[in-house]
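To start, the structure itself, in structure tokens.
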Amino acid sequence: MPEPLILSVFLFGIVWGSFLNVCIHRLPLDENIVFPPSHCPHCNHNISWYDNIPLLGWVLLRGRCRHCRGGISFTYPLVELLAGLLAVQVALHFGLRWENLVLVVLGYAFIILTFIDFHHYILPDVITLPGMVLGILVAWSGWLAPPLADLHHALVGLLLGGGGLWAFAWLFQKITGKVGMGLGDVKLLGMIGAWMGWQSLPFTLFFSALAGSVVGITWMFMAGRDRSQPIPFGPYLAGAAWAYLFIGKDVYAWYLR
Ligand SMILES: [Zn+2]
């Protein structure tokens, strides 16, 4: 793919990244994502368009509000950067085709869920439930080839992903008397099953559990983190499912050999 085209896709991505930031910060508070326009969380001052330019705005302001000098979280440019890179990744791997935009939408839903879960320990229904429906619709439309699921695999994936994890969470709670997993995780795995079929579930569960344990244990040692504190699991589910899109087939082939 020619470089100017890659750059255009990247710019397209970071502009949408600004919108993802709005969703990440407003959805958990039940705020409108369109109105009011962007404003500083400290002094409420409206943010001018030139300070709101994706990536550059934050860098030029060195992470501080122009008016009150209050700190602006580095997660803003990070989300924009991720959104840009994700769009490029989809274009390079799956080709620059209109129907592949739905994969970018899926990736952006994963980004929103990841950052909200890290901050608030929730995975809002307003993302996961439409996510399930969209996954089934995409499967039904037959637009996208594997690793996206066909309708049959998508429906089984939705039931097994949502139902299976729900049963596991229920059992875990019965045995240990503790809430190990939120219903948000259950709905997210249902959404993943709806998009990528039941075949994606073993991969997603295995690698999310692996990554979650490694990070959780490291964190416990480094920061002396309290064991009883919740560890968000959504980011690992989303990350593992996203990896499945790109390397799932190869990993299964390697494992079966
Ligand atoms: Zn301010």
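As shown in the structure tokens, the chain order sets the letters A, B, ...; within each chain, residues go from 1, and ligands are also counted from 1 in the order they appear.
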
Kindly provide the residues of region 105-211 of chain A that approach region 11-34 of chain A to within 8 Å, each paired with its closest atom pair and their distance in Å to one decimal, based on only C-alpha atoms, listed by chain and increasing number, as a Markdown table.
```
| residue | atom | partner | partner_atom | distance |
| --- | --- | --- | --- | --- |
| A:Tyr108 | CA | A:Leu20 | CA | 7.2 |
| A:Ile111 | CA | A:Leu20 | CA | 7.8 |
| A:Ile112 | CA | A:Ile24 | CA | 5.5 |
| A:Leu113 | CA | A:Ile24 | CA | 7.7 |
| A:Phe115 | CA | A:Ile24 | CA | 6.6 |
| A:Ile116 | CA | A:Ile24 | CA | 5.7 |
| A:His120 | CA | A:Pro28 | CA | 7.6 |
| A:Pro124 | CA | A:Pro28 | CA | 7.1 |
```

Could you pull the residues within 12 Å of Gln199 (chain A), counting only C-alpha atoms, minus those fewer than 6 positions along the same chain, as a VMD selection string?
chain A and resid 146 to 150 152 to 158 160 to 161 192 to 193 205 241 244 to 245 248 to 249 252

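Taking CA of Phe10 (chain A) as the reference point, CA of Val88 (chain A) is found at 5.8 Å.
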
With only C-alpha atoms and all ligand atoms counted, collect every polymer residue having an atom within 9 Å of ligand 1; state the result as a ChimeraX atom specification.
/A:39-47,64-72

Could you turn the residues from that selection into a file that holds N, CA and C atoms, as an mmCIF file, in the first residue's frame?
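Output (again08.cif):
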```cif
data_model
loop_
_atom_site.group_PDB
_atom_site.id
_atom_site.type_symbol
_atom_site.label_atom_id
_atom_site.label_comp_id
_atom_site.auth_asym_id
_atom_site.auth_seq_id
_atom_site.Cartn_x
_atom_site.Cartn_y
_atom_site.Cartn_z
ATOM 1 N N HIS A 39 -14.727 20.233 26.790
ATOM 2 C CA HIS A 39 -14.346 21.266 27.751
ATOM 3 C C HIS A 39 -13.362 20.673 28.749
ATOM 4 N N CYS A 40 -12.610 21.579 29.373
ATOM 5 C CA CYS A 40 -11.607 21.142 30.343
ATOM 6 C C CYS A 40 -12.302 20.584 31.593
ATOM 7 N N PRO A 41 -11.870 19.402 32.083
ATOM 8 C CA PRO A 41 -12.521 18.824 33.260
ATOM 9 C C PRO A 41 -12.244 19.638 34.536
ATOM 10 N N HIS A 42 -11.208 20.509 34.508
ATOM 11 C CA HIS A 42 -10.866 21.267 35.725
ATOM 12 C C HIS A 42 -11.592 22.608 35.769
ATOM 13 N N CYS A 43 -11.470 23.405 34.676
ATOM 14 C CA CYS A 43 -12.011 24.768 34.715
ATOM 15 C C CYS A 43 -13.248 24.926 33.834
ATOM 16 N N ASN A 44 -13.647 23.811 33.163
ATOM 17 C CA ASN A 44 -14.861 23.830 32.349
ATOM 18 C C ASN A 44 -14.795 24.716 31.110
ATOM 19 N N HIS A 45 -13.634 25.330 30.883
ATOM 20 C CA HIS A 45 -13.433 26.182 29.728
ATOM 21 C C HIS A 45 -13.584 25.350 28.455
ATOM 22 N N ASN A 46 -14.300 25.863 27.462
ATOM 23 C CA ASN A 46 -14.389 25.148 26.187
ATOM 24 C C ASN A 46 -12.994 25.012 25.557
ATOM 25 N N ILE A 47 -12.766 23.898 24.889
ATOM 26 C CA ILE A 47 -11.465 23.678 24.257
ATOM 27 C C ILE A 47 -11.569 24.094 22.793
ATOM 28 N N ARG A 64 -1.265 20.091 29.301
ATOM 29 C CA ARG A 64 -1.888 20.996 30.282
ATOM 30 C C ARG A 64 -2.954 21.854 29.602
ATOM 31 N N CYS A 65 -3.999 22.197 30.343
ATOM 32 C CA CYS A 65 -5.057 23.063 29.831
ATOM 33 C C CYS A 65 -4.493 24.463 29.585
ATOM 34 N N ARG A 66 -4.859 25.073 28.449
ATOM 35 C CA ARG A 66 -4.355 26.401 28.095
ATOM 36 C C ARG A 66 -4.801 27.460 29.119
ATOM 37 N N HIS A 67 -5.945 27.247 29.728
ATOM 38 C CA HIS A 67 -6.520 28.280 30.583
ATOM 39 C C HIS A 67 -6.135 28.119 32.050
ATOM 40 N N CYS A 68 -6.256 26.906 32.588
ATOM 41 C CA CYS A 68 -6.001 26.739 34.026
ATOM 42 C C CYS A 68 -4.726 25.951 34.288
ATOM 43 N N ARG A 69 -4.046 25.474 33.252
ATOM 44 C CA ARG A 69 -2.828 24.685 33.378
ATOM 45 C C ARG A 69 -3.052 23.356 34.084
ATOM 46 N N GLY A 70 -4.317 22.978 34.237
ATOM 47 C CA GLY A 70 -4.617 21.676 34.840
ATOM 48 C C GLY A 70 -4.138 20.549 33.932
ATOM 49 N N GLY A 71 -3.716 19.446 34.527
ATOM 50 C CA GLY A 71 -3.177 18.330 33.749
ATOM 51 C C GLY A 71 -4.253 17.651 32.916
ATOM 52 N N ILE A 72 -3.893 17.306 31.670
ATOM 53 C CA ILE A 72 -4.789 16.530 30.810
ATOM 54 C C ILE A 72 -4.167 15.144 30.664
#
```

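If only C-alpha atoms are the atoms counted, then among A:Gly234, A:Gly216, A:Thr128, A:Gly164 the closest residue to Met191 (chain A) is A:Thr128.
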
DSSP strand (DSSP E or B) selection over region 32-71 of chain A, as an MDAnalysis selection string:
chainID A and resid 39 46 64 71

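Nearest to Pro230 (chain A) of all the residues A:Asp250, A:Leu201, A:Gly190, A:Tyr121 is A:Tyr121, based on only C-alpha atoms.
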
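The interatomic distance for the pair CA of Trp49 (chain A) and CA of Leu106 (chain A) works out to 27.4 Å.
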
Find the spatial neighbours of Trp166 (chain A), counting only C-alpha atoms, within a cut-off of 6 Å - ignore same-chain residues fewer than 3 positions away - and output them as a compact mmCIF listing (two decimals) with N, CA and C atoms, in the first residue's frame.
```txt
# COMPACT_ATOMS: atom_id res chain seq x y z
N GLY A 163 -23.29 -17.48 27.46
CA GLY A 163 -23.81 -18.50 28.38
C GLY A 163 -22.71 -19.23 29.14
N ALA A 169 -19.06 -18.02 35.85
CA ALA A 169 -19.11 -16.99 36.89
C ALA A 169 -20.04 -17.41 38.02
N VAL A 186 -19.24 -11.21 30.82
CA VAL A 186 -20.08 -12.21 30.17
C VAL A 186 -20.63 -11.68 28.85
```

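Of the residues listed (A:Tyr236, A:Trp98, A:Phe246, A:Phe74), A:Phe246 shows the shortest atom-to-atom separation from Leu86 (chain A); distances use only C-alpha atoms.
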
As a VMD selection string, please: all residues of region 179-231 of chain A that backbone DSSP puts in alpha helix (DSSP H).
chain A and resid 183 to 196 200 to 223

For the residues selected in the previous step, produce a file with N, CA and C atoms as an mmCIF file, in the first residue's frame.
```
data_model
loop_
_atom_site.group_PDB
_atom_site.id
_atom_site.type_symbol
_atom_site.label_atom_id
_atom_site.label_comp_id
_atom_site.auth_asym_id
_atom_site.auth_seq_id
_atom_site.Cartn_x
_atom_site.Cartn_y
_atom_site.Cartn_z
ATOM 1 N N LEU A 183 -20.913 -9.316 35.156
ATOM 2 C CA LEU A 183 -21.770 -9.670 34.030
ATOM 3 C C LEU A 183 -21.330 -8.954 32.751
ATOM 4 N N GLY A 184 -20.628 -7.820 32.914
ATOM 5 C CA GLY A 184 -20.098 -7.116 31.754
ATOM 6 C C GLY A 184 -19.150 -7.994 30.955
ATOM 7 N N ASP A 185 -18.295 -8.750 31.673
ATOM 8 C CA ASP A 185 -17.373 -9.673 30.993
ATOM 9 C C ASP A 185 -18.147 -10.725 30.215
ATOM 10 N N VAL A 186 -19.242 -11.208 30.817
ATOM 11 C CA VAL A 186 -20.081 -12.212 30.174
ATOM 12 C C VAL A 186 -20.632 -11.682 28.850
ATOM 13 N N LYS A 187 -21.141 -10.434 28.912
ATOM 14 C CA LYS A 187 -21.717 -9.851 27.695
ATOM 15 C C LYS A 187 -20.636 -9.584 26.651
ATOM 16 N N LEU A 188 -19.457 -9.179 27.113
ATOM 17 C CA LEU A 188 -18.370 -8.928 26.156
ATOM 18 C C LEU A 188 -17.969 -10.224 25.451
ATOM 19 N N LEU A 189 -17.881 -11.329 26.198
ATOM 20 C CA LEU A 189 -17.507 -12.585 25.544
ATOM 21 C C LEU A 189 -18.615 -13.047 24.593
ATOM 22 N N GLY A 190 -19.870 -12.761 24.943
ATOM 23 C CA GLY A 190 -20.966 -13.052 24.025
ATOM 24 C C GLY A 190 -20.816 -12.262 22.736
ATOM 25 N N MET A 191 -20.430 -10.982 22.884
ATOM 26 C CA MET A 191 -20.216 -10.123 21.721
ATOM 27 C C MET A 191 -19.063 -10.664 20.863
ATOM 28 N N ILE A 192 -17.991 -11.095 21.522
ATOM 29 C CA ILE A 192 -16.843 -11.645 20.785
ATOM 30 C C ILE A 192 -17.268 -12.894 20.016
ATOM 31 N N GLY A 193 -18.054 -13.762 20.676
ATOM 32 C CA GLY A 193 -18.551 -14.970 20.009
ATOM 33 C C GLY A 193 -19.423 -14.636 18.815
ATOM 34 N N ALA A 194 -20.228 -13.566 18.940
ATOM 35 C CA ALA A 194 -21.126 -13.172 17.855
ATOM 36 C C ALA A 194 -20.341 -12.683 16.639
ATOM 37 N N TRP A 195 -19.190 -12.061 16.870
ATOM 38 C CA TRP A 195 -18.388 -11.548 15.750
ATOM 39 C C TRP A 195 -17.501 -12.636 15.146
ATOM 40 N N MET A 196 -16.853 -13.408 16.008
ATOM 41 C CA MET A 196 -15.784 -14.280 15.514
ATOM 42 C C MET A 196 -16.117 -15.755 15.617
ATOM 43 N N SER A 200 -13.418 -18.799 18.225
ATOM 44 C CA SER A 200 -12.522 -17.802 18.807
ATOM 45 C C SER A 200 -12.478 -17.892 20.329
ATOM 46 N N LEU A 201 -13.439 -18.611 20.925
ATOM 47 C CA LEU A 201 -13.587 -18.546 22.383
ATOM 48 C C LEU A 201 -12.442 -19.202 23.162
ATOM 49 N N PRO A 202 -11.998 -20.428 22.771
ATOM 50 C CA PRO A 202 -10.872 -21.017 23.521
ATOM 51 C C PRO A 202 -9.643 -20.109 23.485
ATOM 52 N N PHE A 203 -9.311 -19.596 22.302
ATOM 53 C CA PHE A 203 -8.164 -18.696 22.137
ATOM 54 C C PHE A 203 -8.313 -17.472 23.038
ATOM 55 N N THR A 204 -9.494 -16.846 22.962
ATOM 56 C CA THR A 204 -9.721 -15.604 23.709
ATOM 57 C C THR A 204 -9.640 -15.842 25.218
ATOM 58 N N LEU A 205 -10.277 -16.912 25.678
ATOM 59 C CA LEU A 205 -10.264 -17.181 27.123
ATOM 60 C C LEU A 205 -8.863 -17.514 27.599
ATOM 61 N N PHE A 206 -8.150 -18.357 26.828
ATOM 62 C CA PHE A 206 -6.813 -18.777 27.251
ATOM 63 C C PHE A 206 -5.869 -17.577 27.339
ATOM 64 N N PHE A 207 -5.810 -16.786 26.261
ATOM 65 C CA PHE A 207 -4.816 -15.707 26.245
ATOM 66 C C PHE A 207 -5.214 -14.533 27.142
ATOM 67 N N SER A 208 -6.524 -14.310 27.336
ATOM 68 C CA SER A 208 -6.905 -13.232 28.253
ATOM 69 C C SER A 208 -6.593 -13.624 29.687
ATOM 70 N N ALA A 209 -6.826 -14.890 30.029
ATOM 71 C CA ALA A 209 -6.517 -15.342 31.390
ATOM 72 C C ALA A 209 -5.014 -15.276 31.628
ATOM 73 N N LEU A 210 -4.244 -15.704 30.606
ATOM 74 C CA LEU A 210 -2.782 -15.677 30.722
ATOM 75 C C LEU A 210 -2.280 -14.248 30.920
ATOM 76 N N ALA A 211 -2.712 -13.350 30.039
ATOM 77 C CA ALA A 211 -2.254 -11.960 30.125
ATOM 78 C C ALA A 211 -2.732 -11.306 31.414
ATOM 79 N N GLY A 212 -3.992 -11.578 31.793
ATOM 80 C CA GLY A 212 -4.542 -11.005 33.015
ATOM 81 C C GLY A 212 -3.770 -11.455 34.245
ATOM 82 N N SER A 213 -3.378 -12.734 34.302
ATOM 83 C CA SER A 213 -2.639 -13.230 35.466
ATOM 84 C C SER A 213 -1.257 -12.625 35.522
ATOM 85 N N VAL A 214 -0.581 -12.579 34.379
ATOM 86 C CA VAL A 214 0.777 -12.031 34.362
ATOM 87 C C VAL A 214 0.765 -10.579 34.834
ATOM 88 N N VAL A 215 -0.147 -9.796 34.279
ATOM 89 C CA VAL A 215 -0.213 -8.387 34.660
ATOM 90 C C VAL A 215 -0.635 -8.237 36.127
ATOM 91 N N GLY A 216 -1.639 -9.021 36.527
ATOM 92 C CA GLY A 216 -2.149 -8.937 37.894
ATOM 93 C C GLY A 216 -1.079 -9.272 38.922
ATOM 94 N N ILE A 217 -0.318 -10.344 38.671
ATOM 95 C CA ILE A 217 0.714 -10.770 39.621
ATOM 96 C C ILE A 217 1.855 -9.752 39.655
ATOM 97 N N THR A 218 2.255 -9.276 38.473
ATOM 98 C CA THR A 218 3.320 -8.272 38.407
ATOM 99 C C THR A 218 2.913 -7.027 39.203
ATOM 100 N N TRP A 219 1.692 -6.603 38.976
ATOM 101 C CA TRP A 219 1.166 -5.410 39.629
ATOM 102 C C TRP A 219 1.176 -5.584 41.149
ATOM 103 N N MET A 220 0.783 -6.799 41.588
ATOM 104 C CA MET A 220 0.709 -7.085 43.016
ATOM 105 C C MET A 220 2.090 -6.937 43.647
ATOM 106 N N PHE A 221 3.128 -7.423 42.937
ATOM 107 C CA PHE A 221 4.489 -7.344 43.466
ATOM 108 C C PHE A 221 5.030 -5.919 43.422
ATOM 109 N N MET A 222 4.766 -5.253 42.282
ATOM 110 C CA MET A 222 5.342 -3.924 42.082
ATOM 111 C C MET A 222 4.678 -2.885 42.981
ATOM 112 N N ALA A 223 3.348 -2.935 43.042
ATOM 113 C CA ALA A 223 2.629 -1.858 43.719
ATOM 114 C C ALA A 223 2.055 -2.306 45.053
#
```

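The space between CA of Met1 (chain A) and CA of Leu92 (chain A) spans 7.3 Å.
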
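You can rank A:Gly84, A:Pro36, A:Gly162, A:Pro77 by their closest distance to Gly182 (chain A) using only C-alpha atoms, and at the top of that list sits A:Gly162.
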